[in-house]
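J.: query-v2.txt (compact mmCIF, C-alpha atoms and all ligand atoms) pasted underneath:
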```txt
# COMPACT_ATOMS: atom_id res chain seq x y z
CA LEU A 1 35.53 22.79 31.66
CA VAL A 2 33.66 22.58 28.32
CA PRO A 3 31.70 25.69 27.23
CA ALA A 4 27.93 25.11 27.03
CA GLY A 5 27.76 25.77 23.25
CA LEU A 6 30.48 23.25 22.57
CA ALA A 7 28.85 20.65 24.84
CA ALA A 8 25.56 21.08 22.97
CA GLY A 9 27.42 20.77 19.69
CA ILE A 10 29.05 17.55 20.85
CA ALA A 11 25.69 16.17 22.00
CA VAL A 12 24.19 16.90 18.56
CA ALA A 13 27.15 15.28 16.80
CA VAL A 14 26.83 12.18 18.98
CA ALA A 15 23.11 11.99 18.24
CA ILE A 16 23.73 12.31 14.51
CA MET A 17 26.35 9.57 14.66
CA ALA A 18 24.01 7.30 16.60
CA PHE A 19 21.30 7.96 14.01
CA ALA A 20 23.68 7.20 11.13
CA ARG A 21 24.86 4.02 12.85
CA ARG A 22 21.30 2.82 13.38
CA GLN A 23 20.49 3.68 9.77
CA MET A 24 23.51 1.66 8.62
CA SER A 25 22.68 -1.31 10.79
CA VAL A 26 19.07 -1.35 9.54
CA ALA A 27 20.32 -1.08 5.96
CA ALA A 28 22.69 -4.01 6.61
CA ALA A 29 19.81 -6.03 8.05
CA LEU A 30 17.73 -5.27 4.94
CA ARG A 31 20.55 -6.38 2.60
CA HIS A 32 20.90 -9.54 4.67
CA GLY A 33 17.14 -10.02 4.47
CA LEU A 34 17.13 -9.64 0.68
CA ALA A 35 19.97 -12.13 0.31
CA HIS A 36 18.37 -14.66 2.65
CA HIS A 37 14.76 -14.46 1.51
CA ALA A 38 13.60 -13.06 4.81
CA PHE A 39 10.80 -10.95 3.33
CA ILE A 40 7.23 -12.18 3.32
CA LEU A 41 3.89 -10.64 2.39
CA ALA A 42 0.78 -10.47 4.52
CA TYR A 43 -2.49 -9.86 2.70
CA GLN A 44 -5.40 -7.82 4.00
CA PRO A 45 -8.86 -8.32 2.47
CA ILE A 46 -10.55 -5.46 0.59
CA VAL A 47 -14.35 -5.74 0.60
CA ASP A 48 -17.12 -4.27 -1.51
CA LEU A 49 -19.30 -2.33 0.95
CA ARG A 50 -22.43 -2.81 -1.16
CA THR A 51 -22.25 -6.61 -1.25
CA GLY A 52 -19.94 -7.39 1.67
CA ARG A 53 -17.88 -9.51 -0.71
CA CYS A 54 -14.12 -9.70 -0.72
CA ILE A 55 -12.85 -8.30 -4.03
CA GLY A 56 -9.14 -8.40 -3.40
CA ALA A 57 -6.32 -7.93 -0.93
CA GLU A 58 -3.49 -5.51 -0.23
CA ALA A 59 0.00 -7.02 -0.06
CA LEU A 60 1.92 -5.73 2.98
CA LEU A 61 5.60 -6.44 3.46
CA ARG A 62 7.22 -7.89 6.61
CA MET A 63 10.77 -8.95 7.37
CA ARG A 64 11.45 -12.12 9.32
CA ARG A 65 14.54 -11.81 11.50
CA ASP A 66 16.83 -14.78 12.11
CA SER A 67 15.21 -14.96 15.56
CA GLY A 68 11.84 -15.51 13.87
CA GLU A 69 10.53 -12.13 14.97
CA LEU A 70 8.55 -10.21 12.32
CA ILE A 71 9.48 -6.58 11.61
CA GLY A 72 6.80 -4.27 10.23
CA PRO A 73 7.30 -2.05 7.18
CA ASP A 74 6.99 1.25 9.06
CA LEU A 75 10.38 0.42 10.60
CA PHE A 76 12.24 -0.42 7.41
CA ILE A 77 10.51 1.10 4.35
CA PRO A 78 11.69 4.67 5.13
CA ILE A 79 15.28 3.46 5.47
CA ALA A 80 14.97 1.33 2.34
CA GLU A 81 13.79 4.47 0.53
CA GLN A 82 16.67 6.58 1.89
CA THR A 83 19.33 4.01 1.04
CA GLY A 84 18.05 3.12 -2.41
CA LEU A 85 17.29 -0.48 -1.40
CA ILE A 86 13.59 0.05 -2.07
CA THR A 87 13.69 -0.82 -5.77
CA ARG A 88 15.19 -4.25 -5.03
CA MET A 89 12.63 -4.72 -2.30
CA THR A 90 9.80 -3.88 -4.68
CA GLU A 91 11.17 -6.41 -7.18
CA ARG A 92 11.05 -8.96 -4.36
CA VAL A 93 7.43 -8.00 -3.65
CA PHE A 94 6.50 -8.88 -7.24
CA GLU A 95 8.29 -12.23 -6.93
CA LEU A 96 6.44 -12.96 -3.70
CA VAL A 97 3.08 -12.10 -5.23
CA GLU A 98 3.89 -14.47 -8.08
CA GLN A 99 4.66 -17.29 -5.62
CA ASP A 100 1.79 -16.63 -3.24
CA ALA A 101 -1.02 -15.61 -5.54
CA GLY A 102 -0.04 -16.38 -9.13
CA HIS A 103 -2.25 -19.43 -9.61
CA PHE A 104 -5.17 -17.86 -7.81
CA LEU A 105 -5.03 -14.68 -9.92
CA ALA A 106 -4.99 -16.65 -13.16
CA ARG A 107 -8.18 -18.46 -12.08
CA HIS A 108 -9.95 -15.41 -10.60
CA PRO A 109 -10.02 -12.51 -13.06
CA ASP A 110 -12.20 -10.43 -10.73
CA PHE A 111 -9.78 -10.64 -7.82
CA HIS A 112 -7.34 -7.77 -7.20
CA ILE A 113 -3.97 -7.57 -5.54
CA ALA A 114 -3.00 -4.07 -4.42
CA LEU A 115 0.73 -3.37 -4.20
CA ASN A 116 2.56 -0.46 -2.58
CA ILE A 117 5.01 1.39 -4.80
CA SER A 118 7.46 4.08 -3.69
CA ALA A 119 8.43 7.26 -5.52
CA ALA A 120 11.80 5.72 -6.48
CA ASP A 121 10.02 2.78 -8.14
CA LEU A 122 8.33 5.19 -10.54
CA ARG A 123 11.78 6.35 -11.69
CA SER A 124 13.18 2.82 -11.83
CA ALA A 125 13.63 0.95 -15.11
CA SER A 126 12.75 -2.31 -13.34
CA LEU A 127 9.13 -1.54 -12.42
CA LEU A 128 7.46 -2.36 -15.75
CA PRO A 129 9.61 -5.45 -16.43
CA SER A 130 8.78 -6.75 -12.92
CA ILE A 131 5.09 -6.32 -13.60
CA ASP A 132 5.26 -7.86 -17.08
CA ARG A 133 7.21 -10.84 -15.72
CA LEU A 134 4.57 -11.41 -13.04
CA LEU A 135 1.77 -11.31 -15.62
CA GLN A 136 3.57 -13.54 -18.12
CA ARG A 137 4.64 -16.17 -15.63
CA THR A 138 1.27 -16.49 -13.92
CA GLY A 139 -1.32 -15.80 -16.58
CA ALA A 140 -2.72 -13.05 -14.36
CA ARG A 141 -4.26 -10.07 -16.16
CA PRO A 142 -3.34 -6.41 -15.70
CA ALA A 143 -6.84 -5.90 -14.29
CA ASN A 144 -5.84 -8.21 -11.43
CA LEU A 145 -3.44 -5.51 -10.19
CA ILE A 146 -3.84 -2.23 -8.34
CA VAL A 147 -0.76 -0.09 -7.79
CA GLU A 148 -0.88 2.14 -4.69
CA ILE A 149 1.15 5.34 -4.61
CA THR A 150 1.20 7.92 -1.84
CA GLU A 151 1.19 11.62 -2.57
CA ARG A 152 4.96 11.58 -1.94
CA GLY A 153 5.15 9.68 -5.23
CA PHE A 154 4.32 12.90 -7.03
CA VAL A 155 7.27 15.00 -5.85
CA ASP A 156 8.53 14.66 -9.43
CA PRO A 157 5.22 15.10 -11.30
CA ALA A 158 6.60 14.58 -14.82
CA THR A 159 8.15 11.22 -13.92
CA ALA A 160 5.05 10.16 -11.98
CA ARG A 161 2.80 11.00 -14.92
CA ARG A 162 4.91 9.01 -17.38
CA ALA A 163 5.09 5.95 -15.11
CA LEU A 164 1.39 6.06 -14.29
CA ALA A 165 0.47 6.43 -17.96
CA ALA A 166 2.53 3.32 -18.79
CA LEU A 167 0.76 1.35 -16.05
CA ARG A 168 -2.68 2.51 -17.09
CA GLU A 169 -1.98 1.73 -20.74
CA ARG A 170 -1.50 -1.85 -19.61
CA GLY A 171 -4.83 -1.77 -17.82
CA ILE A 172 -3.49 -1.62 -14.27
CA ALA A 173 -5.52 0.47 -11.81
CA ILE A 174 -3.83 3.25 -9.86
CA ALA A 175 -4.81 4.13 -6.30
CA ILE A 176 -3.70 7.17 -4.33
CA ASP A 177 -2.76 5.87 -0.90
CA ASP A 178 -3.16 7.68 2.45
CA PHE A 179 -5.20 10.36 0.72
CA GLY A 180 -5.48 13.61 2.65
CA THR A 181 -2.24 13.27 4.59
CA GLY A 182 -0.11 14.97 1.93
CA TYR A 183 -0.33 18.29 0.19
CA SER A 184 -2.02 17.49 -3.11
CA SER A 185 -5.50 18.76 -3.80
CA LEU A 186 -8.35 16.86 -5.38
CA SER A 187 -8.27 19.15 -8.41
CA TYR A 188 -4.63 18.18 -8.91
CA LEU A 189 -5.60 14.51 -8.71
CA GLU A 190 -8.29 15.05 -11.29
CA SER A 191 -5.58 16.01 -13.76
CA LEU A 192 -3.61 12.83 -13.00
CA ASP A 193 -5.89 10.11 -14.27
CA VAL A 194 -6.05 7.82 -11.29
CA ASP A 195 -8.77 5.24 -10.60
CA LEU A 196 -9.06 4.99 -6.85
CA LEU A 197 -8.57 7.04 -3.73
CA LYS A 198 -7.69 5.40 -0.43
CA ILE A 199 -9.04 7.49 2.42
CA ASP A 200 -6.49 7.47 5.22
CA ARG A 201 -7.28 5.86 8.55
CA SER A 202 -6.61 9.16 10.37
CA PHE A 203 -9.86 10.50 8.82
CA ILE A 204 -11.83 7.31 9.40
CA GLU A 205 -10.89 7.45 13.10
CA THR A 206 -12.73 10.76 13.51
CA ILE A 207 -16.10 9.34 12.39
CA GLY A 208 -18.69 9.59 15.14
CA THR A 209 -16.37 11.37 17.56
CA GLY A 210 -18.05 14.75 17.16
CA ALA A 211 -14.62 16.34 16.80
CA PRO A 212 -14.52 19.36 14.45
CA THR A 213 -12.17 17.37 12.18
CA SER A 214 -14.81 14.67 11.77
CA GLN A 215 -16.47 16.88 9.14
CA VAL A 216 -13.45 16.53 6.85
CA VAL A 217 -14.01 12.92 5.82
CA GLY A 218 -17.47 13.69 4.47
CA HIS A 219 -16.07 16.53 2.37
CA ILE A 220 -13.28 14.36 0.95
CA ILE A 221 -15.80 11.68 -0.03
CA ALA A 222 -18.17 14.20 -1.63
CA MET A 223 -15.39 15.79 -3.67
CA ALA A 224 -13.95 12.46 -4.80
CA ARG A 225 -17.40 11.43 -5.99
CA THR A 226 -17.75 14.71 -7.88
CA ILE A 227 -14.63 14.00 -9.90
CA GLY A 228 -15.66 10.39 -10.44
CA LEU A 229 -13.07 8.57 -8.34
CA ARG A 230 -13.93 5.30 -6.65
CA MET A 231 -12.79 5.04 -3.04
CA ILE A 232 -11.40 2.55 -0.55
CA ALA A 233 -11.83 3.51 3.11
CA GLU A 234 -8.80 2.39 5.12
CA GLY A 235 -8.60 1.32 8.73
CA ILE A 236 -12.28 0.51 9.25
CA GLU A 237 -12.51 -0.93 12.76
CA THR A 238 -16.18 -0.43 13.68
CA ARG A 239 -19.59 -1.07 12.12
CA GLU A 240 -20.40 2.61 12.60
CA GLN A 241 -17.42 3.65 10.47
CA ALA A 242 -18.31 1.11 7.76
CA GLU A 243 -21.95 2.23 7.73
CA PHE A 244 -20.97 5.91 7.58
CA VAL A 245 -18.66 5.57 4.57
CA ARG A 246 -21.05 3.20 2.81
CA ARG A 247 -23.92 5.68 3.16
CA GLN A 248 -21.70 8.42 1.75
CA GLY A 249 -21.10 6.32 -1.35
CA VAL A 250 -17.66 4.81 -0.70
CA GLU A 251 -17.43 1.57 -2.69
CA TYR A 252 -14.74 -0.42 -0.89
CA ALA A 253 -13.24 -0.82 2.55
CA GLN A 254 -10.36 -2.38 4.38
CA GLY A 255 -9.71 -2.71 8.09
CA TRP A 256 -9.73 -4.93 11.12
CA LEU A 257 -13.53 -5.12 11.05
CA PHE A 258 -13.21 -7.17 7.86
CA GLY A 259 -9.86 -8.80 8.45
CA LYS A 260 -6.27 -8.26 9.53
CA PRO A 261 -3.34 -8.97 7.21
CA VAL A 262 -2.89 -12.75 6.93
CA GLU A 263 -1.05 -15.24 4.73
CA PHE A 264 -2.42 -15.65 1.23
CA ARG A 265 -3.74 -19.15 1.91
CA THR A 266 -6.22 -17.67 4.36
CA ILE A 267 -7.27 -15.01 1.85
CA GLU A 268 -7.95 -17.75 -0.69
CA GLN A 269 -10.31 -19.43 1.75
CA LEU A 270 -11.96 -16.13 2.64
CA CYS A 271 -12.35 -14.83 -0.89
CA ALA A 272 -12.36 -17.82 -3.27
CA ILE A 273 -16.11 -18.41 -3.43
CA GLU A 274 -16.88 -14.75 -4.01
CA ALA A 275 -14.18 -14.24 -6.62
CA ALA A 276 -15.11 -17.39 -8.58
CA ARG A 277 -18.70 -16.28 -9.08
P1 LIG A 301 -0.52 1.49 4.19
O1 LIG A 301 -0.25 1.21 2.75
O2 LIG A 301 -1.35 2.66 4.52
O3 LIG A 301 -1.12 0.14 4.75
C1 LIG A 301 -2.12 0.09 5.74
C2 LIG A 301 -1.55 -0.15 7.11
O4 LIG A 301 -2.59 -0.04 8.08
C3 LIG A 301 -0.96 -1.55 7.28
O5 LIG A 301 0.13 -1.46 8.19
C4 LIG A 301 -2.13 -2.31 7.90
O6 LIG A 301 -1.74 -3.46 8.61
C5 LIG A 301 -2.70 -1.25 8.80
N1 LIG A 301 -4.13 -1.46 9.06
C6 LIG A 301 -5.04 -2.01 8.23
N2 LIG A 301 -6.29 -2.00 8.77
C7 LIG A 301 -6.16 -1.43 9.99
C8 LIG A 301 -7.11 -1.13 11.03
O7 LIG A 301 -8.31 -1.40 10.95
N3 LIG A 301 -6.61 -0.52 12.13
C9 LIG A 301 -5.28 -0.20 12.27
N4 LIG A 301 -4.89 0.38 13.40
N5 LIG A 301 -4.36 -0.47 11.29
C10 LIG A 301 -4.80 -1.07 10.17
P2 LIG A 301 1.54 -2.14 7.89
O8 LIG A 301 1.35 -3.48 7.28
O9 LIG A 301 2.33 -2.02 9.14
O10 LIG A 301 2.14 -1.20 6.77
C11 LIG A 301 2.54 0.11 7.07
C12 LIG A 301 2.94 0.87 5.83
O11 LIG A 301 4.13 0.33 5.25
C13 LIG A 301 1.91 0.77 4.70
O12 LIG A 301 0.87 1.67 4.97
C14 LIG A 301 2.75 1.15 3.49
O13 LIG A 301 2.87 2.55 3.39
C15 LIG A 301 4.10 0.57 3.85
N6 LIG A 301 4.29 -0.69 3.12
C16 LIG A 301 3.83 -1.94 3.44
N7 LIG A 301 4.22 -2.85 2.52
C17 LIG A 301 4.93 -2.16 1.58
C18 LIG A 301 5.59 -2.53 0.36
O14 LIG A 301 5.60 -3.68 -0.10
N8 LIG A 301 6.23 -1.52 -0.34
C19 LIG A 301 6.22 -0.21 0.11
N9 LIG A 301 6.85 0.71 -0.63
N10 LIG A 301 5.60 0.15 1.24
C20 LIG A 301 4.96 -0.80 1.97
CA CA A 302 -1.20 0.97 0.87
CA CA A 303 -2.81 3.66 3.22
CA CA A 304 -0.78 4.48 6.04
```
For this file, produce the structure as structure tokens.
T.:
Amino acid sequence: LVPAGLAAGIAVAVAIMAFARRQMSVAAALRHGLAHHAFILAYQPIVDLRTGRCIGAEALLRMRRDSGELIGPDLFIPIAEQTGLITRMTERVFELVEQDAGHFLARHPDFHIALNISAADLRSASLLPSIDRLLQRTGARPANLIVEITERGFVDPATARRALAALRERGIAIAIDDFGTGYSSLSYLESLDVDLLKIDRSFIETIGTGAPTSQVVGHIIAMARTIGLRMIAEGIETREQAEFVRRQGVEYAQGWLFGKPVEFRTIEQLCAIEAAR
């Protein structure tokens, strides 16, 4: 007979081991993916709400398994961050942007590619060289790029400030991603010198529902406008949501209403005429 406390202890240990094993097998799959060029980017259009024109696209990472199945980033980015593989993955993202969009960026100075950067990338010595290489090899301009950082990127504020200052000196725009889901306040953001705020889909979803929380999105927008930040509303799925944020003064939007993430070729067709002007 095993005492209850011991049995519970064993169950916890087994669960921890299973977790660690899964973590290791995902990490191994990611290393395999990096070595075998299994990562691809999907691009989601970003539109100007005032004109309806496509002004850029966000690059979103996917991993193609040997079976052909695509794995989404929510499943592997957290593990890449925990295992330190994220910096290599971010380097790969810059290489992919160069391949997919390099020529297009050089010909369309008003078109923007938004890239997701993790906290570890801000500490990494390879971030700026990766960016400079992309710009040099393609003839793209810094103004073609938007770097997206979540509030988790600011856990080490001194490092974040230095890295962001270096990016902004080059003329690259900084966006705070998933705004409102973390702990930072707008007044803190004001002190950070960022360009754009991405309003998280969890707030957009409340629009028109009458839920008490549906008041929050209006307050976020009003405060962001007060401190002079431009905004991108994320996860816009309905005309009502688009109309609401547009009326409140949000400049840009992204979401299934305007387009799902697709290969860059499709973005070129969607956005070329607008961007060429
Ligand atoms: P995110 O940066 O907030 O990206 C937006 C996510 O919302 C994307 O999911 C996108 O496909 C999804 N989405 C866009 N519009 C809609 C909509 O109208 N409705 C709904 N339901 N969803 C919408 P995805 O591609 O699965 O990416 C998930 C997260 O993975 C991203 O969230 C980002 O945090 C992370 N991620 C993606 N690519 C990279 C990358 O290259 N590097 C890093 N560090 N993180 C990445
Ligand atoms: Ca993002
Ligand atoms: Ca986001
Ligand atoms: Ca998100």
J.: Would you mind reading off the distance between CA of Thr90 in chain A and atom O14 of ligand LIG 301 (chain A), one decimal, in Å?
T.: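 So the two atoms, CA of Thr90 in chain A and atom O14 of ligand LIG 301 (chain A), lie 6.2 Å apart.
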J.: Counting all atoms listed in the file, what residues are within 10 Å of ligand CA 302 (chain A), given as a list in words?
T.: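 Residues satisfying the distance criterion: Glu58, Ala59, Leu60, Ala114, Leu115, Asn116, Ile117, Val147, Glu148, Ile149, Thr150, Ala175, Ile176, Asp177, Asp178, Lys198, Asp200 and Glu234 of chain A.
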J.: Leaving out range 165-173 of chain A and any residue of its chain fewer than 5 positions from it, which residues lie within 6 Å of it when counting all atoms listed in the file, given as a PyMOL selection string?
T.: chain A and resi 142-143+145-146+195
J.: Hey, can you spit out that residue selection with C-alpha atoms as a PDB file, in the coordinates of the input?
T.:
```
ATOM      1  CA  PRO A 142      -3.340  -6.410 -15.700  1.00  0.00           C
ATOM      2  CA  ALA A 143      -6.840  -5.900 -14.290  1.00  0.00           C
ATOM      3  CA  LEU A 145      -3.440  -5.510 -10.190  1.00  0.00           C
ATOM      4  CA  ILE A 146      -3.840  -2.230  -8.340  1.00  0.00           C
ATOM      5  CA  ASP A 195      -8.770   5.240 -10.600  1.00  0.00           C
TER       6      ASP A 195
END
```
J.: So that each row is one residue of range 54-135 of chain A with an atom at most 12 Å from range 28-50 of chain A, can you give its shortest atom pair and the distance in Å to one decimal, using all atoms listed in the file, rows by chain and rising number, as a tab-separated table?
T.:
```
residue	atom	partner	partner_atom	distance
A:Cys54	CA	A:Val47	CA	4.2
A:Ile55	CA	A:Val47	CA	5.5
A:Gly56	CA	A:Ile46	CA	5.2
A:Ala57	CA	A:Pro45	CA	4.3
A:Glu58	CA	A:Gln44	CA	5.2
A:Ala59	CA	A:Tyr43	CA	4.7
A:Leu60	CA	A:Ala42	CA	5.1
A:Leu61	CA	A:Leu41	CA	4.7
A:Arg62	CA	A:Ile40	CA	5.4
A:Met63	CA	A:Phe39	CA	4.5
A:Arg64	CA	A:Ala38	CA	5.1
A:Arg65	CA	A:Ala38	CA	6.9
A:Asp66	CA	A:Ala38	CA	8.2
A:Ser67	CA	A:Ala38	CA	11.0
A:Gly68	CA	A:Ala38	CA	9.5
A:Glu69	CA	A:Ala38	CA	10.7
A:Leu70	CA	A:Phe39	CA	9.3
A:Ile71	CA	A:Phe39	CA	9.5
A:Gly72	CA	A:Ala42	CA	10.4
A:Pro73	CA	A:Phe39	CA	10.3
A:Leu75	CA	A:Leu30	CA	10.9
A:Phe76	CA	A:Leu30	CA	7.7
A:Ile77	CA	A:Leu30	CA	9.6
A:Pro78	CA	A:Leu30	CA	11.6
A:Ile79	CA	A:Leu30	CA	9.1
A:Ala80	CA	A:Leu30	CA	7.6
A:Glu81	CA	A:Leu30	CA	11.4
A:Thr83	CA	A:Leu30	CA	10.2
A:Gly84	CA	A:Arg31	CA	11.0
A:Leu85	CA	A:Arg31	CA	7.8
A:Ile86	CA	A:Leu30	CA	9.7
A:Thr87	CA	A:Leu34	CA	11.5
A:Arg88	CA	A:Leu34	CA	8.1
A:Met89	CA	A:Leu34	CA	7.3
A:Thr90	CA	A:Phe39	CA	10.7
A:Glu91	CA	A:Leu34	CA	10.4
A:Arg92	CA	A:Leu34	CA	7.9
A:Val93	CA	A:Leu41	CA	7.5
A:Phe94	CA	A:Leu41	CA	10.1
A:Glu95	CA	A:Ile40	CA	10.3
A:Leu96	CA	A:Leu41	CA	7.0
A:Val97	CA	A:Leu41	CA	7.8
A:Glu98	CA	A:Leu41	CA	11.1
A:Gln99	CA	A:Leu41	CA	10.4
A:Asp100	CA	A:Leu41	CA	8.5
A:Ala101	CA	A:Tyr43	CA	10.2
A:Phe111	CA	A:Ile46	CA	9.9
A:His112	CA	A:Ile46	CA	8.7
A:Ile113	CA	A:Tyr43	CA	8.7
A:Ala114	CA	A:Ile46	CA	9.2
A:Leu115	CA	A:Tyr43	CA	10.0
A:Asn116	CA	A:Leu41	CA	11.4
```
J.: Measuring between only C-alpha atoms and all ligand atoms, which one of A:Thr266, A:Ser202, A:Thr213, A:Ser124 shows the shortest distance to ligand CA 304 (chain A)?
T.: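 For ligand CA 304 (chain A), the nearest of the given residues is A:Ser202.
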J.: Which one of A:Ala158, A:Leu197, A:Cys271, A:Ala211 sits closest to ligand CA 303 (chain A) if you count all atoms listed in the file?
T.: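 Smallest separation from ligand CA 303 (chain A) among the options: A:Leu197.
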J.: State, in Å with one decimal place, the distance from atom O7 of ligand LIG 301 (chain A) to CA of Glu205 in chain A.
T.: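 Atom-to-atom, atom O7 of ligand LIG 301 (chain A) and CA of Glu205 in chain A are spaced 9.5 Å apart.
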J.: Using all atoms listed in the file - which residues lie no farther than 10 Å from the point (-1.6, 14.1, -14.7) in the file's frame? Write them as a VMD selection string.
T.: chain A and resid 154 157 to 158 160 to 162 164 to 165 188 to 194
J.: Could you tell me how far CA of Leu270 in chain A lies from atom C9 of ligand LIG 301 (chain A), in Å and to one decimal?
T.: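 Calculated distance between CA of Leu270 in chain A and atom C9 of ligand LIG 301 (chain A) is 19.8 Å.
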J.: Here is a test: counting only C-alpha atoms, which residue of A:Val26, A:Arg123, A:Asn144, A:Arg265 is nearest to Asp156 in chain A?
T.: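 For Asp156 in chain A, the nearest of the given residues is A:Arg123.
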J.: Smallest atom-to-atom distance to ligand LIG 301 (chain A): which of A:Gln241, A:Gln269, A:Gln254, A:Ser214, using all atoms listed in the file?
T.: A:Gln254
